Structures are given as C-alpha cells and as structure tokens.
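To start, the structure itself, in structure tokens.
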Protein chains: 4
Amino acid sequence: MNIGFIGLGNMGAPMARNLVHSGHALTVYNRTRKEIEGAAFFTSASQLGASADVLMTMVADDAALRAVMLEEKGAIHSMKRGAFHVSMSTISVALSKELTALHAERGQIFVSAPVFGRPDAATAAKLWVVSAGPLFAIDKCRPLFEVLGQGIFVVGDDPPAANVVKLCGNFMIASTMESLGEAMAFARKSGVKASDLLNVLTGSLFNAPIYKNYGTLIAEERYEPPGLRMRLGLKDLRLVLAAADAVDAPMPTASIVHDTMLTAVANGLGDIDWSGVGRISAERAGLGTKPRI
Amino acid sequence: MNIGFIGLGNMGAPMARNLVHSGHALTVYNRTRKEIEGAAFFTSASQLGASADVLMTMVADDAALRAVMLEEKGAIHSMKRGAFHVSMSTISVALSKELTALHAERGQIFVSAPVFGRPDAATAAKLWVVSAGPLFAIDKCRPLFEVLGQGIFVVGDDPPAANVVKLCGNFMIASTMESLGEAMAFARKSGVKASDLLNVLTGSLFNAPIYKNYGTLIAEERYEPPGLRMRLGLKDLRLVLAAADAVDAPMPTASIVHDTMLTAVANGLGDIDWSGVGRISAERAGLGTKPRI
Amino acid sequence: MNIGFIGLGNMGAPMARNLVHSGHALTVYNRTRKEIEGAAFFTSASQLGASADVLMTMVADDAALRAVMLEEKGAIHSMKRGAFHVSMSTISVALSKELTALHAERGQIFVSAPVFGRPDAATAAKLWVVSAGPLFAIDKCRPLFEVLGQGIFVVGDDPPAANVVKLCGNFMIASTMESLGEAMAFARKSGVKASDLLNVLTGSLFNAPIYKNYGTLIAEERYEPPGLRMRLGLKDLRLVLAAADAVDAPMPTASIVHDTMLTAVANGLGDIDWSGVGRISAERAGLGTKPRI
Amino acid sequence: MNIGFIGLGNMGAPMARNLVHSGHALTVYNRTRKEIEGAAFFTSASQLGASADVLMTMVADDAALRAVMLEEKGAIHSMKRGAFHVSMSTISVALSKELTALHAERGQIFVSAPVFGRPDAATAAKLWVVSAGPLFAIDKCRPLFEVLGQGIFVVGDDPPAANVVKLCGNFMIASTMESLGEAMAFARKSGVKASDLLNVLTGSLFNAPIYKNYGTLIAEERYEPPGLRMRLGLKDLRLVLAAADAVDAPMPTASIVHDTMLTAVANGLGDIDWSGVGRISAERAGLGTKPRI
C-alpha cells in the first residue's frame, strides 16, 4: 500500500515521520520542498496523487487544500478509482461536503479525519483522531491512525460529521478560554489573584489538562510564544459560525468568542497565542496588561 | 468548642450529621424544626448564636442569611466577642462584605467558606471548601472543613474573596453547559449525534467529570429530576453579574448564560435542572424537544 | 395650591424656575442650599413635605430620592393625607413600586412622571413628560406638566409603568448609539467616512433628531464636554436590566450596551458623553482614537 | 444612449417602467420572460450586455448577479469597452470588489448604486440611491437615478463603499427592530401596553417613519403578509457580518440580531416579515403569541 502525504508543516512533518518510522512506504509533497528522511519527495501533488493508494492531507486551511486537491493540477484529477483521500486538516464543513461529492463522482473514497493536538502531540504520536466516512475505509485506515494518535473516534459514515465534531471541539476550547478570561478579570478586579482562582478550579471540578494549560497561560498573561496563533484561532471560530449558520443553529457564545478574537486581531494581537482572549477580557475590565509587542 | 449550625436543608443537614459523627459538640437551628440525631435543636437563631464558639451557616440565599443573622432576632446580635461566624452558603459578594464589616465592629471573627458540591457530595463528605478570612481563624476551622470535604482552598484573608471564587466556579459550570448546549444543537442539526460529540470531547481533551455529568444530561435531554433547579442557577448568575458589575468587569459570556436561563424560567422551565440551558439551545435551533412538563 | 419642589440640579433648577415664572407658588429644597428667585428655600425636606399640596421631586437617582423621601427625615413622613408626590426623576421600577405602596399606606397620592430631555430642554420648557398614576391626579397635575414640557403622555394608572417607559426610552437611545458606533467603525475600516454614512442615514430613513445629534457626536468623535456622562448612562442601563430581569424578560441588546459602557467606565472614560460607546466600538476595531483625557 | 436593465422582480419591474415612462430607450432581460411595456425583451443577458451603453442590474442576491454577469454567458463578457454597469442590488461587499476589478480589467465602468426602499417606493419613484464609483460616471447616471428616486447620495469613488453604506442601513433598521422588540417584551411583562410605549417613543424622540412603521407591526404582532421576508433579512445580516469580519470590525449587536433572525428561521418563521424579530423577543420572555402559521 503506497501512502502519499501532502503537507509537511508543523503538524504534517512529525506525522509523516511517524508513519515512516512505523514502516510504511511513504511519498510526500509540500508546496515548498521539505525532506522527510525515508520518504521520497514528489514535486507535484498531481504526481503524488497518481501513485498513492491512500493519500493523506494535512494542510493549513481550505485554500491550501483546494490548491493541492481541486485546482487544475490538484491531486483529485490524477487519483485512481478506488484510492483513498484521508483529509486530516481543520477545514470547513462545506469543503468537506464538496470533497465527499467530488470523490464519489470519481469512484474514490473520502475519509475525513481531523485531529486534536498541537505539534508536540503530533511528534509524540499522541493525537486524537476524529474520523467519519465509509466504515470499511475507516477500518482500513485504522492502523495508520494508530501510528499517529493515542485515540481514534468514529462519528458515523458521513465524512463532514468529523469536521463538525472537530470544529465543536475547537469551539469548546475557545469558549473555555473566554470564560476563564472573563472570570479572571472579574476576580482580579475583586482583589483575588488569578492563580488562586485557577488553583481552586483545577483542584476541584475542572481538573482537565485544558484548564491547567490554558488557565496558566491566562493567569500568568503568558501569551507568547504562541502555541496556536490568535488569527488561526479566529479562523476556526469563523468556520464554526459559518457551519452553524448554514444549518440554522444560533451559537451566541461562539459569536462572543469570535468578537473577542476579532478585537485582538484588530488591535495587532493576531500573532499571540489564542489564549490571549484573556488579555482582551482584562483590557475590557481596565486592567493593566504587560506592554504590547 | 461549641459549634452552632444554622440551616438544615439538602446541604446543611448532611453536613451537620457529618460534624456530629466526627465527634463535635453540635447545636442546630433551622427555620422549621428538623432533627439531627446527636445535636440539640435550638428554637431561635439568637439563642444558638449566644452559645456558639463557632457558628456555621448553610442557608439558601442572601435573604435567608439576613434573616438568621442580621434581622432583629438574628444571631449576630447575640454572638460573643471573639466568636466565629463561618458562612458556607452561596451568597452575594456584597453581603459578604457587609458581614465582614458588621462582625468586625462587634469584635467577632468572620470566615467565608462557601462549598462546591451537591447534596450527595455533602453526604459523602466530599465537598470542596473555598475559604477566606483571617488565617489564624481558617487554621482553627480547618479540622471542621476536613470533616466536611475532600479539599480545602484558602484564597486570602479577605472573606469576600471566597465568594468571588465560588461565584466564578458556578459561572464556569454554567458557561460550560451553555457551550455544550450550543455545540450539541449545532451538531444535531448537522446530522451528528450529541452522544457521539460528547464521547469525543470527554474521551480526549475534556475528560473532567463536569463534562461527563452535565454533558450526558444535555445529550440525553434528561433535565428532570433537577439536581440544581434552573431558577437557582439563574440566581447564581445574577450574583455573578452583580458582583462583576460592581467592579466594572464586563462578562459578556455571563450575560449570554443569564439570558438563556431567563428564557427558560420565563417559559415555565424554572424547575428543571440548570443543565436545561441545553434545551433552550435546542429550541433556538428549531430542534424538537421532549414534551414540556 | 402649594407646590414643593425637591432637587435643584441641572434639570430641577430650570424646571423650578419655569414653575415660578408661570405664576405658581413654589417652595424649594435642595441638599445644598440653592436660590431660585421667587421661591422660598426650606432647610429640610421634611418641613417642605409638611407644607406642600403637591410635592415634586427631581433628583439624581434612587439613593437621592430615598434620602429626601424615605429616610428618617424624609418628606413622606411629614406629608399630609391627600397630598401628591410627583416623582420626575429617572429611578428604578422597584423604587417606584415601593413608593406606590408607601404613599398608599399613608393616604397620599403618588404620580410617577419621569421626563425625556436634557437641561437645555428643561430650560426651554420642552421636556416630554411620561406620566402614570390615578387619572384624576394626572389631570390635576397636567397644568404643571404643561408648564414644563412640550408633550405629555399618560401610560396608565399604575405609577411604575411610567418608569418602565422612561427606561425603555433610554435603552432605545443607548442601543441606537451602540448600533451607530458599530456601523461607523465597520464603515471606517472599509474606507467609508463616518460622516458620509451618517448623511445617508439621516437623509433617508433615519431623519430623527436623535440620529443627527448623537450620530454627529460619534462621527466627529466629539465626546466632550458630556451631555449625559457615561457613568450615568451606565446607571440607566443597569436600571433597565434590573427591571427586565425582575419580570423575566431577556434583553440581549441591553446587555451588549451595558458591557460597552462598562468597558468605557473601566477604562477611565466614565466622564465623557455616553455617546462615547462609539469610541469603544472604534477601539474594538483597532481604529486610532483621539488621545485619552 | 441605450439602457439595458436586468432583473424584473418586485423592485426591478417598477424601476424599469419608470425609466420607460421618463422617455429612456430601454431593453430588458429577466431569467424568466416578463414584459415591460415600451421595452424590448432580450432573451439573453449576453445579448443585452452587448447592446447597452449603460447596463443596470437589480437582482435578488450575489448568486443571481453572478449568474447574469459573470458566468459563462454573463453580460460582462459581451459588454463594450467604456460601457457602464450600474449595480443596484443589495449584494456583498466582496462581490462588489470583485466586479470593480473585473470591469476595470475590461475597460468598462462600474458604478455601485444600491437603493433603500420597498417595492411601493420603487413604483412611486421614491427610492433612495446610494452611489459610489468614478465621479464622472455618477454624474452621467444621475438623470437615471433621479427618475428612480427621491434622493441620491454619493459616498466616494470606490464602488464597494456604496454597498457598505447600504448594508449599514439595513443593519440599522434590523437593530432598531430588535431593540423595539426587546423593549416591548419588557414593557408588556411589566404591565405596559406595547402601543403605549410606542406612542411615547414616536411622539417624542423617535419620530422617524421607521419607528412608526416597524414599531406598529411589532406592537400589533402583525408579521404577515411580509414586506421583507425574515430569511431575506437574515441574508442581509449575514452580508453585514461577513463584510465587517473581513475588515476586523466586531459588531456584537449585529450578531445578536443575526441570532434572533436565525432562531426565527430555524423555527419555521422564515417567511414572516423581518420585523418578526419582535416575536422572538416576545417568545423568549414567555409571552403568548398568536398561533403559528
């Protein structure tokens, strides 16, 4: 089974390396040339698509995925009938629907399998893979997912379902950060240390890593270097709101978080960590913040 | 050391029993007569206040605490100089400030020590106690707190700080439920089962009990019988917004949750569980819900 | 008919003068001594209350009205049975209810008659009076209202109704300013001059003075000197939200405006004009503003 | 000067008739054949485009404008160098930008001139025209605009500016209705008649037709027949939010209105008048409404 892998960025490169280390035959493509030891580099997505039995994509956004898959020289045109496209990027539900239809027309198999986890989790093979698509196809991909992650979820046979779940997860993270930021600003203005509040929360009901990790960043106002940049977090909120809008599901909290992130980006904070929503809450409350970048 | 205990409701009764079982000499008072085996019942708060070295209060709200402590026959007037008032109810920050001042005027010691946990946690002595007040006083109360809970936090020497933290915790729970409700409505309208979404969340980044417990109630639309009634949850959000307003800290997410809860109460849902915010999200999205009560 | 008038601030003083000029016998009281030519100054609210057939009050807020009417030396205790209290201040619906009950207990007549208009309108006798109370009483007060204003509205026989309408009016003004501020920030960031947008709006569908007046302040970022200070505007929004909350009516737009005003006050802008909500919208959008005060 | 007119719907048909009556030589096109007395009907947009010196378009939305202008047989491909395209539809800012660029590439002149006013205003030639584009071109179009409307505004030489202003106007109308709906629900739950509140507002500070017209619909809960359907109002709010998002301008009030409209559409109310946002406010407050359609 020839595996093609497109997208060798912060996430894709360690994922590709893990696939090589596990003994899979891998060929790779990236917009700019990048070497993955043990994998052959192809100079076009189209060429890679022609040779792959399973084509995995891990790119930045809808535009990047359109570029490598759907545009004139995109891989979809060269992929064989019966070949798999396993899309692991965080993309819009709309594009996932479009790919579902386009691959079906061509007799190709589309599996949607976005992941939770940052680059360090990708390196450590500790991603969480959320998959949806034909069940036989997911079964066939499972060994690959097991190489990449610590947990695999299947959320049905309709590929866009996995993108919905992935976007919901990002929304839950973002709204948690927004709530923590608001609570900490309120606490600080009431004379309570943010770290004291956080200790209580994480020491009692909120003992999940997400509260400890993001809560500490907000409590310590440590928004640099960024894990996920604010502008990319905002992009994800846009995807959430667009997909919810398309199915007539109001999400007022998502609008709040979107506006907080938009305020950050509009004020030159697009490149701090997305937990920097806490900084906007602090500024709204008139709290002094560390000097701007 | 004579311990007086006021408030024998769903929370107070098991707490009082645990104190008796641990060997403390306890006298109790409640607006309506209630027996706690091993504890003498006093027929007035004032009488109880006069005899107690440590007076613990666990009542429903500000009005109830004012009634037993501050009104004409309230315990504050009969308490000895040097006696302790340990307030464990969820009350407003404003009342906590008022009590701090009034006890100080009388040479009494005020400790604020609200708790996290539902009646079953009170029975099992698994509450989380968030305390603030003079540190020597908290040290003296610590053995009592250890009888009642599984964890004790100290958030400074200013009593209202504990109330701020308690309210922040309730806000975090409520905003988590709101976000879960919005996400599940979006997911359901996109053809994804709420339970599938929840499995991914709790199986990956959100593995805290709070997500499992409330998430399951929302996913299964199981809002009765209530754990905490919607109208009481709304009361807490009101306390959050009032306290944040008083220190000029905007909390847009708290306003959203408040409005969702207010919508529920306005539509006859004041007595379902407060996780019923998920029902309002579902109705906003036009999703069929189970028949109303 | 002896008319007593309490409250000689920016609004009350010109109103009292207009009553004197129209030939009414007027006695006045103010917390700090102030002369109104042609009116006798009484040194206590209580003394004034005892002598008045109709007692008019025009003070800053609930606290001020409580001080002159309800506290130990308040006028309510000295007012005659059958005397009128005409309350023209912007106060809470709750206090209006309380006054309705307290005056009824004493056989006094309570008329609620808050006004729309700024000090210049008070001077020019161009206020709008919104009244509610027993209809015979409003009829008797009508000649007084006609001295003060250009229009008189009656909204029923329950006094708090007038306060509800007054608060709704202030909410409508505030939400209009918020919307204008958001629209102008969006327009400016899109390369459209705020004044061009305003010209279109006021030249077509929005040809009411309120759009011209406040719109010009926002378009020109002219927030000083204040007409109504931001912190007083915020006070009114708090009254709106409290009254709506008390009857279970969610007002999400009021929460938005409240948060914008709270952001202003928290950032040292409590003394600019309340149209300064436009400044907060501009800052959220990252637009340069004139230097802070 | 040959004038071509594309789009003969509720708005376009009366506009085309007015142009004929004023003596202009007009040719017309519509997706489905429709007769305008005095104007020749062309069976393709492309054919019409080839013959027109000035091509006016008045269609439903972005998709419709793309279909007649940009798709394979769209008019842009057949239009002469130096010919004018005057776009009067309510379209996205993004499409307006795209058309600006595409016409420039072809040496054609693009004028953006969306209008305020409903079909009855179109018939009565009482539209308000908001125009932007090269000033010489707007001067040349002015006689045409004068035939159609009662007022012409010029908001600069960049065509998308007119679309921004048009969208801001629609946002101002929608947010006014939302605020009125919230205020009336609050008033009604406080025992105040919605019509009493409206009388005060429109009789004092809010004496613009927009308050009288929409306010009456909301006060009387008269949401049918629709003037502008809810789903089309929602479409406009989506355009506002998309354009504001693209320039990093947070518009929290627009998000609120969007969510109210989305709630309406999700609950089967997409075809009532867009003032039906008042109905959602009433339902949120638990007020009985007239039976659903």
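Please note that chains go A, B, ... in the order of the structure tokens, that every chain numbers its residues from 1, and that ligands are numbered from 1 in the order shown.
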
Among region 4-58 of chain D, which residues carry a DSSP assignment of strand (DSSP E), reported as an MDAnalysis selection string? chainID D and resid 4:6 26:29 40:41 54:57

Please produce a file of those selected residues containing N, CA and C atoms, as a PDB file, in the first residue's frame.
```
ATOM      1  N   GLY D   4     -29.723  49.113 -20.852  1.00  0.00           N
ATOM      2  CA  GLY D   4     -30.174  47.745 -20.639  1.00  0.00           C
ATOM      3  C   GLY D   4     -30.523  47.572 -19.165  1.00  0.00           C
ATOM      4  N   PHE D   5     -31.541  46.771 -18.885  1.00  0.00           N
ATOM      5  CA  PHE D   5     -31.963  46.586 -17.493  1.00  0.00           C
ATOM      6  C   PHE D   5     -32.164  45.098 -17.249  1.00  0.00           C
ATOM      7  N   ILE D   6     -31.437  44.570 -16.284  1.00  0.00           N
ATOM      8  CA  ILE D   6     -31.549  43.146 -15.961  1.00  0.00           C
ATOM      9  C   ILE D   6     -32.179  42.976 -14.581  1.00  0.00           C
ATOM     10  N   LEU D  26     -35.136  51.669 -23.531  1.00  0.00           N
ATOM     11  CA  LEU D  26     -34.774  50.604 -22.601  1.00  0.00           C
ATOM     12  C   LEU D  26     -34.952  49.240 -23.239  1.00  0.00           C
ATOM     13  N   THR D  27     -33.943  48.381 -23.024  1.00  0.00           N
ATOM     14  CA  THR D  27     -34.104  46.968 -23.340  1.00  0.00           C
ATOM     15  C   THR D  27     -33.949  46.217 -22.031  1.00  0.00           C
ATOM     16  N   VAL D  28     -34.655  45.094 -21.933  1.00  0.00           N
ATOM     17  CA  VAL D  28     -34.675  44.407 -20.642  1.00  0.00           C
ATOM     18  C   VAL D  28     -34.379  42.921 -20.783  1.00  0.00           C
ATOM     19  N   TYR D  29     -33.929  42.334 -19.650  1.00  0.00           N
ATOM     20  CA  TYR D  29     -33.740  40.894 -19.576  1.00  0.00           C
ATOM     21  C   TYR D  29     -34.125  40.415 -18.189  1.00  0.00           C
ATOM     22  N   ALA D  40     -37.996  46.517 -25.155  1.00  0.00           N
ATOM     23  CA  ALA D  40     -37.792  45.249 -25.843  1.00  0.00           C
ATOM     24  C   ALA D  40     -37.185  44.234 -24.894  1.00  0.00           C
ATOM     25  N   PHE D  41     -37.647  42.996 -24.961  1.00  0.00           N
ATOM     26  CA  PHE D  41     -37.104  41.930 -24.110  1.00  0.00           C
ATOM     27  C   PHE D  41     -36.048  41.165 -24.893  1.00  0.00           C
ATOM     28  N   VAL D  54     -25.391  51.688 -21.024  1.00  0.00           N
ATOM     29  CA  VAL D  54     -25.468  51.603 -19.560  1.00  0.00           C
ATOM     30  C   VAL D  54     -26.294  50.369 -19.213  1.00  0.00           C
ATOM     31  N   LEU D  55     -25.668  49.453 -18.465  1.00  0.00           N
ATOM     32  CA  LEU D  55     -26.375  48.237 -18.075  1.00  0.00           C
ATOM     33  C   LEU D  55     -26.709  48.335 -16.593  1.00  0.00           C
ATOM     34  N   MET D  56     -28.003  48.331 -16.288  1.00  0.00           N
ATOM     35  CA  MET D  56     -28.409  48.399 -14.885  1.00  0.00           C
ATOM     36  C   MET D  56     -28.851  47.016 -14.435  1.00  0.00           C
ATOM     37  N   THR D  57     -28.441  46.622 -13.209  1.00  0.00           N
ATOM     38  CA  THR D  57     -28.848  45.307 -12.703  1.00  0.00           C
ATOM     39  C   THR D  57     -29.549  45.467 -11.361  1.00  0.00           C
TER      40      THR D  57
END
```

Using only C-alpha atoms and a cut-off of 8 Å, which residues of chain C sit close to chain D? Please list them as number ranges by chain. C: 128, 130, 151, 153, 155-156, 161, 164-165, 168-169, 171-172, 175-176, 178-180, 182-183, 185-187, 189-192, 196-197, 200-201, 204-210, 244, 247-253, 256, 281, 284-286

If DSSP is run on the backbone, what residues of region 116-152 of chain B are helix (DSSP H, G or I)? A reply as a list in words would be ideal.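 Listing helix (DSSP H, G or I) positions across region 116-152 of chain B yields Pro119, Asp120, Ala121, Ala122, Thr123, Leu135, Phe136, Ala137, Ile138, Asp139, Lys140, Cys141, Arg142, Pro143, Leu144, Phe145, Glu146, Val147 and Leu148 of chain B.
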
Residues within 12 Å of Ala83 (chain B), only C-alpha atoms, excluding chain neighbours under 2 positions, as a PyMOL selection string: chain B and resi 1-4+49-56+75-81+85-86+103-104+106-111+137+140-141

Deliver the residues from the most recent selection as a file, using C-alpha atoms, as a PDB file, in the first residue's frame.
```pdb
ATOM      1  CA  MET B   1     -15.612  24.256  71.473  1.00  0.00           C
ATOM      2  CA  ASN B   2     -19.342  24.653  70.940  1.00  0.00           C
ATOM      3  CA  ILE B   3     -20.352  24.552  67.323  1.00  0.00           C
ATOM      4  CA  GLY B   4     -23.649  26.008  66.258  1.00  0.00           C
ATOM      5  CA  GLY B  49     -25.683  32.460  68.409  1.00  0.00           C
ATOM      6  CA  ALA B  50     -25.222  33.261  72.083  1.00  0.00           C
ATOM      7  CA  SER B  51     -23.913  29.799  72.918  1.00  0.00           C
ATOM      8  CA  ALA B  52     -21.648  29.109  69.935  1.00  0.00           C
ATOM      9  CA  ASP B  53     -17.892  29.485  69.766  1.00  0.00           C
ATOM     10  CA  VAL B  54     -18.116  28.750  66.063  1.00  0.00           C
ATOM     11  CA  LEU B  55     -21.360  29.456  64.253  1.00  0.00           C
ATOM     12  CA  MET B  56     -21.662  27.813  60.847  1.00  0.00           C
ATOM     13  CA  ALA B  75     -27.613  35.650  65.654  1.00  0.00           C
ATOM     14  CA  ILE B  76     -25.119  38.462  65.132  1.00  0.00           C
ATOM     15  CA  HIS B  77     -26.639  40.424  67.975  1.00  0.00           C
ATOM     16  CA  SER B  78     -26.191  37.631  70.498  1.00  0.00           C
ATOM     17  CA  MET B  79     -22.825  36.271  69.372  1.00  0.00           C
ATOM     18  CA  LYS B  80     -19.945  36.694  71.796  1.00  0.00           C
ATOM     19  CA  ARG B  81     -16.922  38.862  71.073  1.00  0.00           C
ATOM     20  CA  HIS B  85     -19.122  33.031  62.009  1.00  0.00           C
ATOM     21  CA  VAL B  86     -18.287  30.580  59.226  1.00  0.00           C
ATOM     22  CA  HIS B 103     -18.668  41.248  62.562  1.00  0.00           C
ATOM     23  CA  ALA B 104     -15.526  43.379  62.791  1.00  0.00           C
ATOM     24  CA  ARG B 106     -18.592  43.588  67.115  1.00  0.00           C
ATOM     25  CA  GLY B 107     -15.174  42.038  67.654  1.00  0.00           C
ATOM     26  CA  GLN B 108     -16.342  38.784  66.070  1.00  0.00           C
ATOM     27  CA  ILE B 109     -14.396  36.766  63.502  1.00  0.00           C
ATOM     28  CA  PHE B 110     -15.889  36.250  60.056  1.00  0.00           C
ATOM     29  CA  VAL B 111     -14.756  33.426  57.809  1.00  0.00           C
ATOM     30  CA  ALA B 137      -9.225  31.596  62.022  1.00  0.00           C
ATOM     31  CA  LYS B 140      -8.811  26.842  63.591  1.00  0.00           C
ATOM     32  CA  CYS B 141     -11.675  25.910  61.259  1.00  0.00           C
TER      33      CYS B 141
END
```

I'd like the neighbourhood of Pro14 (chain D) as a VMD selection string, where a residue qualifies if any of its atoms comes within 8 Å (using only C-alpha atoms), though same-chain residues fewer than 4 positions away should be ignored. chain D and resid 8 10 18 119 122 to 123

To one decimal in Å, tell me the separation between CA of Leu234 (chain B) and CA of Thr90 (chain B). 12.7 Å
